Every structure is written in structure tokens, then in C-alpha cells.
Amino acid sequence: MPRSAFAGTRIRERRMALGLRQSEVARRAGISGSYLNLIEHNRRRIGGKLLLDLAVVLKTDSASLAKGAASQMLNALRDAATEQPNANIDLKRTEDFADRFTDWAELILAQQSQIFALQQTIGSLSDRLAHDPFLSEALHEVLSTVSAIRSTASILAEPGKMDQNWQKRFQANVFQDSIRLATASQSLADYLDADADQVFSALSPLDELEALLLKNNYHFPHLEDLAVWSDTVVDAILINASLAAQKLGYTYFKQYWDDVQRLALPKLLKMVAEWGLDPAQMASETQLPLPVIFRRLASLPLHKNRPPVGLMTCDGSGSLLRKQPSIGFQAPRVGSACALWPLYSSLTQIGVPLRQHVEYQARPGDSRDRAFYETFSIAERVAPSNFEDPAVVRSTMLIIPAQLVPTPPLITLGSTCRLCSVQACLARSEPSIFTDGF
Amino acid sequence: MQGEIERKTEEVNIRHVLIIEDEPNIIEALSFIFLRDGWKVDAHSDGGNAMTTAIQTGPNAIILDVMLPNKSGFEILEELRAVPEYREIPILMLTARGQTKDRELALAKGATQFMIKPFSNAEVLRTMNALVGHEQ
């Protein structure tokens with residue numbers, strides 16, 4: 001499958017054909033260079049006004065850039081329509097609608113993503129109110145003190161004479177409680193202030209970290225060059241992250257750095273130049289465990305001669321711990337992934353390396369509705385071997401886009417049931433949103 | 001002498017409240033207004049042994065805070081309602097969280113009334129008098 005089937009790749013090719021610099025094109029289209037870089041590597045969707053702007057800058061018509069983008073828009077519109085089953089939208093007319101009312105379609109998509117973001121925010125806010133022990137304790141302290149003050153003050157405010165001893169006692173109590181209230185409200189204000197950014201980021205810590213990794217293309221030069229571990233370097237990377245994401249980030253970057261110590265970038269690049277993206281060869285050469293090799297390959301800097309590799313990891317429950325996409329091969333944003341992923345097969349045979357060619361069934365209508373990948377998976381035990389601790393298992397899967405259509409055996413899989421169009425699938429657990437009319 | 005007479009008439013229909021609350025200044029303020037209204041007042045501030053105090057003092061109405069150290073007001077409420085002598089006793093629950101969930105829980109477990117902090121002294125007093133059937 002030619003890679004030029006992607007809008008991002010077509011933009012890149014067009015730009016290079018014109019001999020324009022990425023930063024120059026980005027500036028003229030009104031976006032940042034790094035964002036254009038993500039688009040060009042097919043790591044960001046593109047559509048709408050930005051596509052038109054880029055078409056102007058690149059002196060071409062948007063349609064020839066848009067092939068992929070238009071179908072992305074159709075898919076997003078279908079998603080939006082299926083979220084509102086009561087609206088009884090005729091999905092067959094999606095294309096017609098998007099063609100005739102592109103601006104309105106854009107509005108629907110913008111609103112759809114806003115709805116999603118708001119739902120996330122509401123969820124995280126109500127979670128916070130219901131489960132945050134500090135917040136509930138601080139509020140309780142404020143309310144208790146206010147109750148004591150109100151009760152005492154209303155006695156003091158009563159008309160008529162009062163026994164002097166009682167009066168003095170109540171005055172002392174109000175004073176004492178007012179100090180307590182001041183402290184309690186201050187600590188509540190500090191807490192809310194410090195936390196405001198996190199509350200509204202509306203992401204789970206894992207999503208937040210994943211977004212940060214993606215922004216850096218999963219490659220961290222500062223860690224590659226770091227001879228002695230230093231918290232400061234990681235602090236700088238995680239400076240804007242929430243506390244929870246920082247915690248996850250530390251674990252992630254510590255492992256990243258440990259991996260670098262075992263296989264430094266120059267040696268890695270040398271091996272890649274010699275053998276290509278071949279984890280088995282590299283493992284036998286370096287005597288390193290496969291997961292280390294997988295992770296190092298997934299941390300390679302982007303290069304035009306190398307397809308971006310993906311990496312997924314999951315724990316024994318199947319929860320995805322890392323979702324690094326490879327061109328089209330993506331983990332679902334929410335919910336569980338396709339049960340046919342070799343990542344999961346590996347969970348049943350710990351320590352056994354599994355190499356599997358797969359055909360990834362993207363959404364119908366995507367420019368790459370059939371794509372082939374080679375996957376390498378292995379599950380390992382990460383808990384210390386003793387008789388007390390429960391066994392903790394972690395599975396890792398490396399995803400490399402296949403240059404040629406591979407020969408069978410081939411597993412046909414997708415991202416997640418909802419977004420997959422494979423009709424006769426034994427593993428299907430949920431209906432597809434594409435079964436109607438496609 | 002005047003006092004003697006008053007106390008005697010009170011004894012016919014004695015009003016005795018037990019305040020289970022961990023804020024000492026709230027106890028003080030409530031005690032003051034109840035004493036002044038002619039109630040007998042006992043106070044207790046630890047959730048853990050609140051039951052023992054309730055049985056020893058034998059009140060005919062209880063004010064019970066939800067958030068107490070060692071044992072929650074809801075648990076104490078349940079224990080009280082399990083004792084035959086306390087099955088019918090008026091219990092006013094106080095909480096600093098006005099969530100419907102708390103109110104429903106309190107009423108389901110047998111609280112007679114439910115009030116949210118910060119409360120008004122007059123309202124607490126009026127409610128308690130009404131609960132023991134005292135005409136003001």
C-alpha cells in the first residue's frame with residue numbers, strides 16, 4: 001500500500017516538491033511547526049479551514065490533499081449521529097450532507113468534541129467532589145466552624161443583659177473559631193487554586209501522559225543524552241502536568257532512561273541501519289530482553305525513511321497502559337481494544353515471543369481501509385519472584401507498518417468493535433456503528 | 001422558693017436532651033440555649049462510646065452529629081434504634097453536608113428530623129420542643 005494515501009504524507013510530499021521549509025509553511029498556514037510536523041507524520045487529523053489554508057500555501061486544490069481528511073470527517077459525523085440514536089439520522093446521506101453543508105458539518109464536529117470534553121470535565125469534577133478526601137474534610141471543617149460561630153454569635157447578639165461570665169466565654173469562643181475558620185478557608189482556597197488546572201484538564205492521568213508523549217513523538221533527546229539520572233530533567237518535561245500524571249511520568253521516564261542505559265541511541269541507530277526494524281536480530285545481538293528492544297524501537301526519533309512504529313502495553317486485566325499509535329493502527333480512546341490483538345494472545349503464554357502479521361481493518365471509507373502491519377509481542381512477569389506477592393503480568397506489543405502485503409497466515413483485527421467493520425468476527429463483543437449502509 | 005416551685009412543675013414533664021457532637025463550642029452554645037429554655041442537658045463528643053453515655057444518661061431526645069470521631073452518627077443511629085427503649089426517642093441529626101444522599105440515609109436509618117449545618121439556634125430549639133411535644 002503506497003503511503004501517499006494519507007493526507008499528511010501528501011502534504012509533506014507536496015511541500016518538499018515545492019522546496020518549502022516546514023516552519024515556513026506552518027507560519028503561512030498559521031500553525032506551529034511542531035503541529036505541522038505531527039500532521040505530516042499522520043499523527044494528527046486534518047480537515048476544514050486548515051486544510052484549505054494549507055492547500056493555498058502549497059498551491060494545490062484542497063480536494064487532492066483532502067481525500068483522507070474528507071473520509072475522516074464522514075466518520076466523525078457518523079460517530080456524532082450514532083451518539084444521538086433518537087435523532088434517527090439517515091447515515092446514507094452523511095456524504096451528501098458533508099458535501100453540501102461543509103461549514104455546518106464542521107460545526108457539528110466542533111460541538112461533538114466540545115460535548116465530549118464537557119462530559120469528561122463534569123465526570124472529573126463530580127468524581128472530585130464525591131471522592132476527594134481532602135476537599136470533603138476541608139469543607140467539613142469550614143462548615144463546622146461556621147456552625148459554631150453562628151450558634152455562638154446569635155446568642156451574643158440577643159437583646160437584653162447576659163451573665164458576664166457566659167458572655168466572656170462566648171466571646172472567647174467566637175474569637176477562637178474565627179481564627180480556625182480563617183485557617184480552614186485559607187487552606188481550602190490554596191488547594192482549589194493549586195488544583196484548578198488539573199480539575200479542568202478533564203483527562204485521566206494516563207491520557208494526560210500519553211498526550212505529552214505524543215507531543216514529543218515519544219522521543220526524549222534530553223534523556224537519551226543523560227549520563228547520570230537527574231530528577232531535574234524529568235521535572236522540566238513534566239512541568240505542566242498534574243500531580244497524578246507526574247507520578248506516572250516519573251515511572252515512565254525512569255524506565256525510558258534505564259532502557260537507554262542498556263541500549264544507547266548510537267548503537268540502536270547503527271543496528272537499525274544494518275538490519276532495519278528487526279527486534280529479533282537486535283535482541284540476539286545485544287542479549288537484551290525483547291520488551292527493552294521494543295521500547296527502544298518505539299522511542300526512535302522520527303525519520304522520513306522509517307515508518308513510525310507503534311507500541312501498546314497492557315496489564316493482566318487487559319487495560320492499556322500505553323497507546324503509542326503507528327500510522328493508522330490506533331488504540332481506542334475509551335473502552336477496551338480489539339480482543340484479537342496479539343498483545344492479548346501473549347498474556348496467555350508468558351515469556352513466549354509472538355510474531356504475527358495482521359491486517360488492520362480501519363473504518364470503511366478511510367483512505368487506508370486495509371493496512372498491514374507486522375507485530376511482535378511478549379508478556380513478562382514484572383513482580384519480584386517470591387511466594388508472597390501476587391503475579392503481575394505486563395504484555396508489550398511492537399507494531400511496524402508492513403511495506404508489502406504479507407503472505408498468510410494473517411489475522412484481521414481492528415481498533416475496537418464499535419469502530420470495526422469486520423462482519424464475521426468471532427471476537428465481536430459490540431455491534432459496529434458501520435454495519436448499516438456500508 | 002420561686003425556683004423550687006418551677007422545678008417541681010418541670011419534673012412532671014421533664015425535657016432532657018443528649019447532644020452528641022464533637023465541636024466543643026457548638027456543645028457550649030447549644031447547651032446554653034437548651035438550659036435557658038428549661039431543658040436538662042448532657043453532652044458527649046466521642047462516637048466510639050456514645051451508646052454507653054446514651055444509656056447511662058437516659059435522655060428523652062437526642063441531637064446527633066453525623067461526623068464524629070471513631071464512629072459515625074449513622075452507625076450510632078442504627079445502634080440506638082436497635083435498643084427497644086430508644087426505638088421511639090426523637091433524634092435530630094446534624095450534618096455539615098446537605099446532600100440528599102445523607103438526608104435519605106438518615107431518614108432511612110430512623111432519624112426523626114434532619115438539619116444542615118450551619119443551623120439556627122432558634123430552629124434547633126423549636127424543632128426539639130416540637131419533637132418532645134412541648135408547647136411553647
# chains A, B, ... in the order shown; residues from 1 in each chain; ligands from 1
>>> select_by_dssp(residues="range 43-90 of chain B", states="strand (DSSP E)", output="ChimeraX atom specification")
/B:43-44,61-65
>>> residues_around(residues="Leu248 in chain A", least_positions_apart="4", cutoff="12 Å", atoms="only C-alpha atoms", output="VMD selection string")
chain A and resid 204 to 210 212 to 213 234 238 241 to 244 252 to 255 321 to 322
>>> write_last_selection(atoms="C-alpha atoms", output="short mmCIF file (atom, residue, chain, number, x, y, z; two decimals), in the first residue's frame")
data_model
loop_
_atom_site.label_atom_id
_atom_site.label_comp_id
_atom_site.auth_asym_id
_atom_site.auth_seq_id
_atom_site.Cartn_x
_atom_site.Cartn_y
_atom_site.Cartn_z
CA SER A 204 -7.23 10.75 33.14
CA PRO A 205 -3.59 10.88 34.26
CA LEU A 206 -2.79 8.15 31.73
CA ASP A 207 -4.38 10.12 28.87
CA GLU A 208 -2.60 13.21 30.00
CA LEU A 209 0.78 11.49 29.97
CA GLU A 210 0.03 9.86 26.61
CA LEU A 212 2.53 14.61 26.40
CA LEU A 213 4.44 11.66 24.95
CA VAL A 234 12.22 14.90 34.19
CA LEU A 238 6.59 17.22 33.31
CA ALA A 241 1.49 18.01 34.18
CA SER A 242 -0.92 17.28 37.00
CA LEU A 243 0.42 15.57 40.12
CA ALA A 244 -1.00 12.20 39.13
CA TYR A 252 7.71 6.08 32.53
CA PHE A 253 10.83 8.24 32.16
CA LYS A 254 12.79 6.21 34.69
CA GLN A 255 12.14 3.16 32.56
CA LEU A 321 -1.11 1.21 29.85
CA ARG A 322 0.46 2.71 26.79
#
>>> closest_atom_pairs(of="chain B", to="chain A", cutoff="12 Å", atoms="only C-alpha atoms", output="Markdown table")
| residue | atom | partner | partner_atom | distance |
| --- | --- | --- | --- | --- |
| B:Glu21 | CA | A:Ser144 | CA | 10.3 |
| B:Asp22 | CA | A:Ser144 | CA | 9.5 |
| B:Glu23 | CA | A:Ser144 | CA | 7.4 |
| B:Pro24 | CA | A:Ala148 | CA | 8.6 |
| B:Asn25 | CA | A:Ala148 | CA | 5.8 |
| B:Ile26 | CA | A:Ala148 | CA | 4.7 |
| B:Ile27 | CA | A:Ala148 | CA | 8.5 |
| B:Glu28 | CA | A:Thr152 | CA | 8.2 |
| B:Ala29 | CA | A:Thr152 | CA | 5.4 |
| B:Leu30 | CA | A:Ser151 | CA | 7.4 |
| B:Ser31 | CA | A:Thr152 | CA | 10.8 |
| B:Phe32 | CA | A:Ile155 | CA | 8.6 |
| B:Ile33 | CA | A:Ile155 | CA | 7.9 |
| B:Phe34 | CA | A:Ile155 | CA | 11.6 |
| B:Arg36 | CA | A:Ile155 | CA | 11.1 |
| B:Asp65 | CA | A:Ser144 | CA | 10.4 |
| B:Val66 | CA | A:His140 | CA | 10.9 |
| B:Met67 | CA | A:His140 | CA | 8.6 |
| B:Leu68 | CA | A:His140 | CA | 11.3 |
| B:Leu94 | CA | A:Ser144 | CA | 10.3 |
| B:Thr95 | CA | A:Ser144 | CA | 8.9 |
| B:Ala96 | CA | A:Leu143 | CA | 5.8 |
| B:Arg97 | CA | A:His140 | CA | 7.4 |
| B:Gly98 | CA | A:Leu143 | CA | 10.6 |
| B:Gln99 | CA | A:Ala130 | CA | 10.6 |
| B:Lys101 | CA | A:Ala130 | CA | 11.3 |
| B:Met115 | CA | A:Ser147 | CA | 11.6 |
| B:Ile116 | CA | A:Ser147 | CA | 9.4 |
| B:Lys117 | CA | A:Ser147 | CA | 5.7 |
| B:Pro118 | CA | A:Ser147 | CA | 4.0 |
| B:Phe119 | CA | A:Ser147 | CA | 6.3 |
| B:Ser120 | CA | A:Ser151 | CA | 6.5 |
| B:Asn121 | CA | A:Ser151 | CA | 5.8 |
| B:Ala122 | CA | A:Ser154 | CA | 9.1 |
| B:Glu123 | CA | A:Ser151 | CA | 10.8 |
| B:Val124 | CA | A:Ser151 | CA | 10.2 |
| B:Leu125 | CA | A:Ser151 | CA | 11.6 |
>>> write_last_selection(atoms="N, CA and C atoms", output="JSON list (two decimals), in the first residue's frame")
[["chain", "number", "residue", "atom", "x", "y", "z"],
["B", 21, "GLU", "N", -21.93, 15.51, 69.78],
["B", 21, "GLU", "CA", -21.34, 16.47, 68.82],
["B", 21, "GLU", "C", -19.88, 16.66, 69.20],
["B", 22, "ASP", "N", -19.00, 16.73, 68.20],
["B", 22, "ASP", "CA", -17.57, 16.82, 68.57],
["B", 22, "ASP", "C", -17.00, 18.23, 68.57],
["B", 23, "GLU", "N", -17.83, 19.22, 68.23],
["B", 23, "GLU", "CA", -17.34, 20.61, 68.29],
["B", 23, "GLU", "C", -17.64, 21.17, 69.67],
["B", 24, "PRO", "N", -16.62, 21.40, 70.52],
["B", 24, "PRO", "CA", -16.88, 21.86, 71.89],
["B", 24, "PRO", "C", -17.66, 23.17, 71.93],
["B", 25, "ASN", "N", -17.39, 24.07, 70.98],
["B", 25, "ASN", "CA", -18.07, 25.36, 71.03],
["B", 25, "ASN", "C", -19.53, 25.27, 70.60],
["B", 26, "ILE", "N", -19.81, 24.29, 69.74],
["B", 26, "ILE", "CA", -21.22, 24.07, 69.39],
["B", 26, "ILE", "C", -21.95, 23.50, 70.61],
["B", 27, "ILE", "N", -21.30, 22.55, 71.29],
["B", 27, "ILE", "CA", -21.89, 21.97, 72.51],
["B", 27, "ILE", "C", -22.20, 23.08, 73.50],
["B", 28, "GLU", "N", -21.24, 23.98, 73.66],
["B", 28, "GLU", "CA", -21.41, 25.05, 74.63],
["B", 28, "GLU", "C", -22.60, 25.94, 74.30],
["B", 29, "ALA", "N", -22.67, 26.35, 73.03],
["B", 29, "ALA", "CA", -23.76, 27.23, 72.61],
["B", 29, "ALA", "C", -25.11, 26.54, 72.73],
["B", 30, "LEU", "N", -25.16, 25.28, 72.24],
["B", 30, "LEU", "CA", -26.45, 24.56, 72.31],
["B", 30, "LEU", "C", -26.85, 24.32, 73.76],
["B", 31, "SER", "N", -25.89, 23.92, 74.58],
["B", 31, "SER", "CA", -26.19, 23.68, 76.00],
["B", 31, "SER", "C", -26.81, 24.93, 76.61],
["B", 32, "PHE", "N", -26.20, 26.07, 76.29],
["B", 32, "PHE", "CA", -26.68, 27.33, 76.85],
["B", 32, "PHE", "C", -28.14, 27.57, 76.50],
["B", 33, "ILE", "N", -28.47, 27.46, 75.20],
["B", 33, "ILE", "CA", -29.86, 27.79, 74.83],
["B", 33, "ILE", "C", -30.85, 26.74, 75.35],
["B", 34, "PHE", "N", -30.43, 25.50, 75.45],
["B", 34, "PHE", "CA", -31.36, 24.48, 75.96],
["B", 34, "PHE", "C", -31.55, 24.63, 77.47],
["B", 36, "ARG", "N", -31.27, 27.33, 79.15],
["B", 36, "ARG", "CA", -32.05, 28.54, 79.39],
["B", 36, "ARG", "C", -33.53, 28.30, 79.13],
["B", 65, "ASP", "N", -24.74, 14.43, 65.74],
["B", 65, "ASP", "CA", -23.94, 14.89, 64.60],
["B", 65, "ASP", "C", -23.56, 13.68, 63.73],
["B", 66, "VAL", "N", -23.46, 13.89, 62.41],
["B", 66, "VAL", "CA", -23.11, 12.77, 61.53],
["B", 66, "VAL", "C", -21.62, 12.44, 61.60],
["B", 67, "MET", "N", -20.79, 13.50, 61.53],
["B", 67, "MET", "CA", -19.34, 13.27, 61.51],
["B", 67, "MET", "C", -18.77, 13.31, 62.92],
["B", 68, "LEU", "N", -18.47, 12.15, 63.45],
["B", 68, "LEU", "CA", -17.92, 12.07, 64.81],
["B", 68, "LEU", "C", -16.65, 11.23, 64.77],
["B", 94, "LEU", "N", -27.64, 16.19, 62.73],
["B", 94, "LEU", "CA", -26.99, 17.38, 62.19],
["B", 94, "LEU", "C", -25.90, 16.95, 61.23],
["B", 95, "THR", "N", -25.84, 17.59, 60.08],
["B", 95, "THR", "CA", -24.73, 17.27, 59.19],
["B", 95, "THR", "C", -24.21, 18.52, 58.52],
["B", 96, "ALA", "N", -22.93, 18.49, 58.22],
["B", 96, "ALA", "CA", -22.31, 19.63, 57.55],
["B", 96, "ALA", "C", -22.43, 19.48, 56.04],
["B", 97, "ARG", "N", -22.93, 18.35, 55.59],
["B", 97, "ARG", "CA", -23.11, 18.17, 54.15],
["B", 97, "ARG", "C", -24.58, 18.00, 53.86],
["B", 98, "GLY", "N", -25.12, 18.92, 53.08],
["B", 98, "GLY", "CA", -26.57, 18.91, 52.87],
["B", 98, "GLY", "C", -26.99, 18.01, 51.72],
["B", 99, "GLN", "N", -26.16, 17.01, 51.39],
["B", 99, "GLN", "CA", -26.50, 16.18, 50.25],
["B", 99, "GLN", "C", -27.76, 15.36, 50.49],
["B", 101, "LYS", "N", -28.27, 12.53, 49.61],
["B", 101, "LYS", "CA", -27.87, 11.19, 49.98],
["B", 101, "LYS", "C", -27.84, 11.03, 51.50],
["B", 115, "MET", "N", -31.11, 18.17, 60.04],
["B", 115, "MET", "CA", -30.83, 19.60, 59.91],
["B", 115, "MET", "C", -29.40, 19.81, 59.42],
["B", 116, "ILE", "N", -29.24, 20.84, 58.57],
["B", 116, "ILE", "CA", -27.93, 21.08, 57.95],
["B", 116, "ILE", "C", -27.20, 22.20, 58.68],
["B", 117, "LYS", "N", -25.91, 21.96, 58.91],
["B", 117, "LYS", "CA", -25.06, 23.00, 59.49],
["B", 117, "LYS", "C", -24.69, 23.99, 58.39],
["B", 118, "PRO", "N", -24.58, 25.28, 58.67],
["B", 118, "PRO", "CA", -24.82, 25.91, 59.96],
["B", 118, "PRO", "C", -26.32, 26.09, 60.22],
["B", 119, "PHE", "N", -26.74, 25.73, 61.43],
["B", 119, "PHE", "CA", -28.16, 25.77, 61.80],
["B", 119, "PHE", "C", -28.45, 27.03, 62.60],
["B", 120, "SER", "N", -29.73, 27.32, 62.77],
["B", 120, "SER", "CA", -30.08, 28.45, 63.63],
["B", 120, "SER", "C", -30.49, 27.89, 64.98],
["B", 121, "ASN", "N", -29.98, 28.53, 66.05],
["B", 121, "ASN", "CA", -30.28, 28.07, 67.41],
["B", 121, "ASN", "C", -31.78, 27.94, 67.63],
["B", 122, "ALA", "N", -32.49, 29.01, 67.21],
["B", 122, "ALA", "CA", -33.93, 29.07, 67.46],
["B", 122, "ALA", "C", -34.63, 27.89, 66.79],
["B", 123, "GLU", "N", -34.16, 27.56, 65.58],
["B", 123, "GLU", "CA", -34.81, 26.47, 64.84],
["B", 123, "GLU", "C", -34.55, 25.12, 65.51],
["B", 124, "VAL", "N", -33.31, 24.94, 65.98],
["B", 124, "VAL", "CA", -33.00, 23.68, 66.67],
["B", 124, "VAL", "C", -33.88, 23.55, 67.91],
["B", 125, "LEU", "N", -33.98, 24.62, 68.66],
["B", 125, "LEU", "CA", -34.76, 24.59, 69.89],
["B", 125, "LEU", "C", -36.24, 24.33, 69.60]]
>>> residues_around(residues="range 74-80 of chain B", least_positions_apart="6", cutoff="7 Å", atoms="only C-alpha atoms", output="list in words")
Met51, Val66, Tyr86, Arg87, Ala106 and Lys109 of chain B
>>> write_last_selection(atoms="N, CA and C atoms", output="short mmCIF file (atom, residue, chain, number, x, y, z; two decimals), in the first residue's frame")
data_model
loop_
_atom_site.label_atom_id
_atom_site.label_comp_id
_atom_site.auth_asym_id
_atom_site.auth_seq_id
_atom_site.Cartn_x
_atom_site.Cartn_y
_atom_site.Cartn_z
N MET B 51 -23.01 5.32 72.69
CA MET B 51 -24.11 4.45 73.13
C MET B 51 -24.16 4.33 74.65
N VAL B 66 -23.46 13.89 62.41
CA VAL B 66 -23.11 12.77 61.53
C VAL B 66 -21.62 12.44 61.60
N TYR B 86 -35.00 2.94 72.90
CA TYR B 86 -34.66 4.09 72.05
C TYR B 86 -35.30 4.02 70.67
N ARG B 87 -36.21 3.06 70.50
CA ARG B 87 -36.81 2.89 69.19
C ARG B 87 -37.64 4.11 68.80
N ALA B 106 -30.13 9.20 56.55
CA ALA B 106 -30.51 9.48 57.93
C ALA B 106 -31.97 9.09 58.18
N LYS B 109 -32.50 5.33 58.17
CA LYS B 109 -32.00 4.64 59.35
C LYS B 109 -32.77 5.03 60.60
#
>>> select_by_dssp(residues="chain B", states="helix (DSSP H, G or I)", output="VMD selection string")
chain B and resid 2 to 12 24 to 36 50 to 57 73 to 82 84 to 86 100 to 108 121 to 131
>>> write_last_selection(atoms="C-alpha atoms", output="compact mmCIF listing (two decimals), in the first residue's frame")
# COMPACT_ATOMS: atom_id res chain seq x y z
CA GLN B 2 -39.97 30.59 93.26
CA GLY B 3 -37.30 28.32 91.70
CA GLU B 4 -38.41 25.37 93.81
CA ILE B 5 -41.94 25.64 92.50
CA GLU B 6 -40.83 25.95 88.90
CA ARG B 7 -38.59 22.91 89.12
CA LYS B 8 -41.42 20.83 90.54
CA THR B 9 -43.78 21.67 87.69
CA GLU B 10 -40.98 20.89 85.22
CA GLU B 11 -40.41 17.45 86.69
CA VAL B 12 -43.89 16.40 85.64
CA PRO B 24 -16.88 21.86 71.89
CA ASN B 25 -18.07 25.36 71.03
CA ILE B 26 -21.22 24.07 69.39
CA ILE B 27 -21.89 21.97 72.51
CA GLU B 28 -21.41 25.05 74.63
CA ALA B 29 -23.76 27.23 72.61
CA LEU B 30 -26.45 24.56 72.31
CA SER B 31 -26.19 23.68 76.00
CA PHE B 32 -26.68 27.33 76.85
CA ILE B 33 -29.86 27.79 74.83
CA PHE B 34 -31.36 24.48 75.96
CA LEU B 35 -30.55 25.08 79.64
CA ARG B 36 -32.05 28.54 79.39
CA ALA B 50 -21.76 7.42 72.59
CA MET B 51 -24.11 4.45 73.13
CA THR B 52 -22.90 3.95 76.70
CA THR B 53 -23.48 7.62 77.51
CA ALA B 54 -26.94 7.48 75.94
CA ILE B 55 -27.91 4.53 78.12
CA GLN B 56 -26.38 6.00 81.30
CA THR B 57 -27.93 9.46 80.94
CA GLY B 73 -23.55 9.31 63.53
CA PHE B 74 -25.28 6.90 61.15
CA GLU B 75 -23.86 3.89 62.98
CA ILE B 76 -24.85 5.30 66.36
CA LEU B 77 -28.32 5.98 64.98
CA GLU B 78 -28.62 2.36 63.89
CA GLU B 79 -27.45 1.08 67.28
CA LEU B 80 -29.85 3.35 69.14
CA ARG B 81 -32.80 2.23 67.04
CA ALA B 82 -31.91 -1.39 67.77
CA PRO B 84 -36.15 -1.11 72.49
CA GLU B 85 -36.07 1.93 74.85
CA TYR B 86 -34.66 4.09 72.05
CA THR B 100 -29.77 14.44 49.53
CA LYS B 101 -27.87 11.19 49.98
CA ASP B 102 -27.12 11.99 53.62
CA ARG B 103 -30.67 13.11 54.29
CA GLU B 104 -32.13 9.98 52.74
CA LEU B 105 -29.71 7.78 54.64
CA ALA B 106 -30.51 9.48 57.93
CA LEU B 107 -34.26 9.18 57.48
CA ALA B 108 -33.97 5.59 56.26
CA ASN B 121 -30.28 28.07 67.41
CA ALA B 122 -33.93 29.07 67.46
CA GLU B 123 -34.81 26.47 64.84
CA VAL B 124 -33.00 23.68 66.67
CA LEU B 125 -34.76 24.59 69.89
CA ARG B 126 -38.16 24.90 68.21
CA THR B 127 -37.71 21.54 66.47
CA MET B 128 -36.68 19.77 69.65
CA ASN B 129 -39.58 21.21 71.62
CA ALA B 130 -41.95 20.11 68.90
CA LEU B 131 -40.42 16.63 68.86
>>> closest_residue(among="A:Gln112, A:Ser126, A:Ser415, A:Thr407", to="Gly328 in chain A", atoms="only C-alpha atoms")
A:Ser415
>>> residues_around(residues="Ala43 in chain B", least_positions_apart="3", cutoff="6 Å", atoms="only C-alpha atoms", output="PyMOL selection string")
chain B and resi 18-20
>>> closest_residue(among="A:Asn216, A:Asn240, A:Ser377, A:Gln287", to="Pro301 in chain A", atoms="only C-alpha atoms")
A:Asn216
>>> closest_residue(among="A:Ser395, A:Gln330, A:Gln403, A:Asn217", to="Pro291 in chain A", atoms="only C-alpha atoms")
A:Ser395
>>> atom_distance(atom1="CA of Gly123 in chain A", atom2="CA of Leu192 in chain A")
17.2 Å
>>> residues_around(residues="Tyr373 in chain A", least_positions_apart="6", cutoff="8 Å", atoms="only C-alpha atoms", output="tab-separated table (two decimals) with C-alpha atoms, in the first residue's frame")
chain	number	residue	atom	x	y	z
A	357	HIS	CA	1.24	-10.28	10.61
A	358	VAL	CA	-2.07	-8.50	10.87
A	359	GLU	CA	-4.46	-6.75	8.60
A	360	TYR	CA	-5.84	-3.73	10.36
A	399	ILE	CA	3.69	-2.54	15.68
A	400	ILE	CA	5.58	-1.96	12.45
A	401	PRO	CA	3.79	-0.97	9.24
A	402	ALA	CA	4.41	-3.63	6.58
>>> atom_distance(atom1="CA of Leu311 in chain A", atom2="CA of Gly33 in chain A")
25.0 Å
>>> residues_around(residues="range 342-350 of chain A", least_positions_apart="2", cutoff="10 Å", atoms="only C-alpha atoms", output="VMD selection string")
chain A and resid 311 to 318 320 337 to 340 352 to 358 375 to 381 393 to 398 411 413
>>> write_last_selection(atoms="C-alpha atoms", output="compact mmCIF listing (two decimals), in the first residue's frame")
# COMPACT_ATOMS: atom_id res chain seq x y z
CA LEU A 311 3.79 0.28 20.93
CA MET A 312 0.98 -0.98 23.14
CA THR A 313 1.30 -2.37 26.63
CA CYS A 314 -1.37 -3.81 28.85
CA ASP A 315 -1.63 -5.39 32.28
CA GLY A 316 -3.19 -8.71 33.18
CA SER A 317 -6.68 -7.22 33.13
CA GLY A 318 -6.16 -6.11 29.53
CA LEU A 320 -3.98 -0.49 28.06
CA ALA A 337 -9.32 -2.64 22.43
CA CYS A 338 -9.86 -5.40 19.86
CA ALA A 339 -9.67 -8.79 21.55
CA LEU A 340 -7.69 -10.19 18.62
CA VAL A 352 6.82 -16.70 24.63
CA PRO A 353 7.68 -14.27 21.81
CA LEU A 354 4.92 -13.94 19.27
CA ARG A 355 5.38 -12.60 15.76
CA GLN A 356 2.19 -12.01 13.82
CA HIS A 357 1.24 -10.28 10.61
CA VAL A 358 -2.07 -8.50 10.87
CA THR A 375 3.50 -7.18 15.23
CA PHE A 376 5.89 -8.55 17.83
CA SER A 377 4.53 -9.32 21.28
CA ILE A 378 5.69 -10.77 24.52
CA ALA A 379 4.28 -10.87 28.04
CA GLU A 380 6.52 -10.82 31.09
CA ARG A 381 6.23 -11.01 34.83
CA VAL A 393 1.92 -9.53 34.23
CA ARG A 394 2.64 -6.99 31.56
CA SER A 395 2.33 -7.56 27.85
CA THR A 396 4.10 -5.44 25.22
CA MET A 397 3.38 -5.28 21.50
CA LEU A 398 5.50 -3.56 18.87
CA ILE A 411 -5.13 -12.04 11.46
CA LEU A 413 -8.28 -7.12 13.51
>>> closest_residue(among="A:Ala80, A:Trp341, A:Arg418, A:Leu135", to="Gln114 in chain A", atoms="only C-alpha atoms")
A:Ala80
>>> atom_distance(atom1="CA of Phe372 in chain A", atom2="CA of Arg44 in chain A")
20.1 Å
